[in-house]
Every structure is written in structure tokens, then in C-alpha cells.
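Notes for the one structure printed next.
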Amino acid sequence: MIHAHFLIRTLLLSFLIYIGSAHALSDQSLATIEEAAEQHVRALLPATTGKVLLQADRLDPRLHLSQCNTPLQAFLPSGANLGTKATVGVRCNDGNTWSVYVPVSIESEIDVLSLNKSVARNTPISALDVDIRTQRVPGLMNRYLKDVKSLQNKRSKRDLPAGTVLTPDMLQAELLVKRGQQVTILAEVAGIEVRNQGVALSDGSPDMRVQVKNLGSAKVIEGVVDVNGVIRVSL
């Protein structure tokens, strides 16, 4: 009797192991799904992109999806973009149709401009205020400033603490002309530069079109901010 019970228990255990093994063999490897998501993001990166590091979030190991007999298809959902994290859909289109969404973190290893001191709002920023260092940052490299030339005629939009990695949205063009400021109106007539005095009727950044009142003729004309206190007009 004891032998019969032992035999039954052995057979039952063997059956459960067989079922578990068969189940495991029929499951799609979660690692292949994560890899498909990463590869899809890499394929979408611009050709000029430098060193980019991708890391798919680990899928819940309790997730069981049938083994796909055709290559997995990855896609970005409508409206999605490549920010600091992209959610990639991965699906199987054979008889065992399924789909799952995998978040993929995106980081870049690039040279960035980092503030070496705190900067108050509306403060001009120059090459002396930044250090260039190689750093791993969230998202793609085109989100960050990498060249000190990009700081020319720029000032901070808000208070920025030391160590801030600069992005274009943190800066705004320096005002070269302010409303009510006396300015020089510069015009070219027959190859000769003619200068007149005027008053700016609005604030202006480099290459911005502003209105200016000619103090000699009292006429209001429109020109382009050239350099500090100079407005170039076309006649």
C-alpha cells in the first residue's frame, strides 16, 4: 500500500514537472521582448546621435506570453516620441496574437555645459560661467548645450543653481535694445552708411525686428537689431 502511494506521488510529481517544463518551453522569453523594444528605439535614433545608452524596464516575471513563431514586431504608439523614456509596443502577429508595452529609458553620454556657479534670473551667461564635462544625461544629446558659442548674447530665464546642465529652454536672447532707449539708426544708401539718432519703441534681441522713431524726422520706421544700441533699417 505504501509502495502504491509512493508510486502515485512520484507519477504526479513527474507530471507536474512535465507540465511546468512544457509551459516554460511555450512561453516567449521576456528578455527577447525587452531586447526588441531597445532595438526599435536604437533604429529610430538620428544618424548624428553619439553615444546613447538604452535600458528597457524589466517585465514582470509572472507575465506569460505564448511563444511567437514569427519575428516580434516593435512600434511606437501614436503620438509617442523619444524623450527621456519611450514606451515601445511589442507584438506577435502569428496565431498566438498578443502585445505588450515596454518602457525604455534613454540616456546620452556627451560633453555638456555645466554652470560653475549659481546664476540669478535675467543674468548674462558667458564661457567663464560654465565648465565643459563629459556626463551621462537623460534623453538625447540635442536637448543640451555643448558649445560655449551658444551662450553668446544669452541670459538666464530663471534662477539656476551651480551644477545645472544647460539646455536651450533655460536661456533667452540678451536684450540689445530696450524700449525708450536712444539708439543709432543705421541705413545704407548707395553704398554709403547713414546714421541718425532715434528712440526704440520696444525691446529687441539680436536680429529681432523693432520699431524706432527717428528723432530728426519724427517718423516711425521698422528695423532689425544689429548690435548693442544699433538698429539697421532698409531704405
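Here, A, B, ... name the chains of the C-alpha cells in the order displayed, residue numbers run from 1 inside each chain, and ligands are numbered from 1 in the same displayed order.
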Shell of 10 Å around A:Thr123, only C-alpha atoms, local chain residues under 4 positions omitted, as a ChimeraX atom specification: /A:119,154-160,171,174
Any chance you could export the current selection's N, CA and C atoms as a CSV table (one decimal), in the first residue's frame?
chain,number,residue,atom,x,y,z
A,119,VAL,N,23.4,81.2,-10.8
A,119,VAL,CA,23.1,82.4,-11.7
A,119,VAL,C,21.6,82.8,-11.4
A,154,LYS,N,23.2,85.6,-24.6
A,154,LYS,CA,22.2,84.9,-23.9
A,154,LYS,C,22.2,85.2,-22.4
A,155,ARG,N,21.0,85.1,-21.8
A,155,ARG,CA,20.8,85.4,-20.4
A,155,ARG,C,19.9,84.3,-19.8
A,156,SER,N,19.9,84.2,-18.5
A,156,SER,CA,19.1,83.1,-17.9
A,156,SER,C,17.6,83.5,-17.8
A,157,LYS,N,16.7,82.6,-18.1
A,157,LYS,CA,15.3,82.8,-17.9
A,157,LYS,C,14.8,82.8,-16.5
A,158,ARG,N,15.6,82.0,-15.7
A,158,ARG,CA,15.2,81.9,-14.3
A,158,ARG,C,16.4,81.6,-13.4
A,159,ASP,N,16.3,81.6,-12.1
A,159,ASP,CA,17.4,81.3,-11.2
A,159,ASP,C,17.9,79.9,-11.5
A,160,LEU,N,19.2,79.7,-11.6
A,160,LEU,CA,19.8,78.4,-11.9
A,160,LEU,C,20.9,78.1,-10.9
A,171,LEU,N,17.6,79.4,-21.4
A,171,LEU,CA,18.2,80.7,-21.8
A,171,LEU,C,17.3,81.5,-22.7
A,174,GLU,N,19.8,87.9,-25.1
A,174,GLU,CA,20.0,89.1,-24.4
A,174,GLU,C,19.4,90.3,-25.1
Spatial neighbours of stretch 132-138 of chain A, max dist 7 Å, only C-alpha atoms, sep filter under 4 positions, as number ranges by chain: A: 84, 106-114
Kindly export the residues of the current selection with C-alpha atoms, as a short mmCIF file (atom, residue, chain, number, x, y, z; two decimals), in the first residue's frame.
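Printed below is selection.cif as written:
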data_model
loop_
_atom_site.label_atom_id
_atom_site.label_comp_id
_atom_site.auth_asym_id
_atom_site.auth_seq_id
_atom_site.Cartn_x
_atom_site.Cartn_y
_atom_site.Cartn_z
CA THR A 84 14.00 60.55 -21.57
CA ILE A 106 17.17 56.82 -22.92
CA GLU A 107 20.44 58.41 -21.79
CA SER A 108 23.32 60.08 -23.63
CA GLU A 109 26.97 60.33 -22.70
CA ILE A 110 28.14 63.69 -24.03
CA ASP A 111 30.13 66.85 -23.34
CA VAL A 112 27.78 69.35 -21.70
CA LEU A 113 27.94 72.91 -20.37
CA SER A 114 27.53 72.90 -16.59
#
Atom CA of A:Leu76 to atom CA of A:Val41, distance in Å rounded to a single decimal: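 Distance reported for this atom pair: 8.6 Å.
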Counting only C-alpha atoms, the option among A:Asp60, A:Asp131, A:Asp226, A:Asp94 closest to A:Val183: A:Asp226
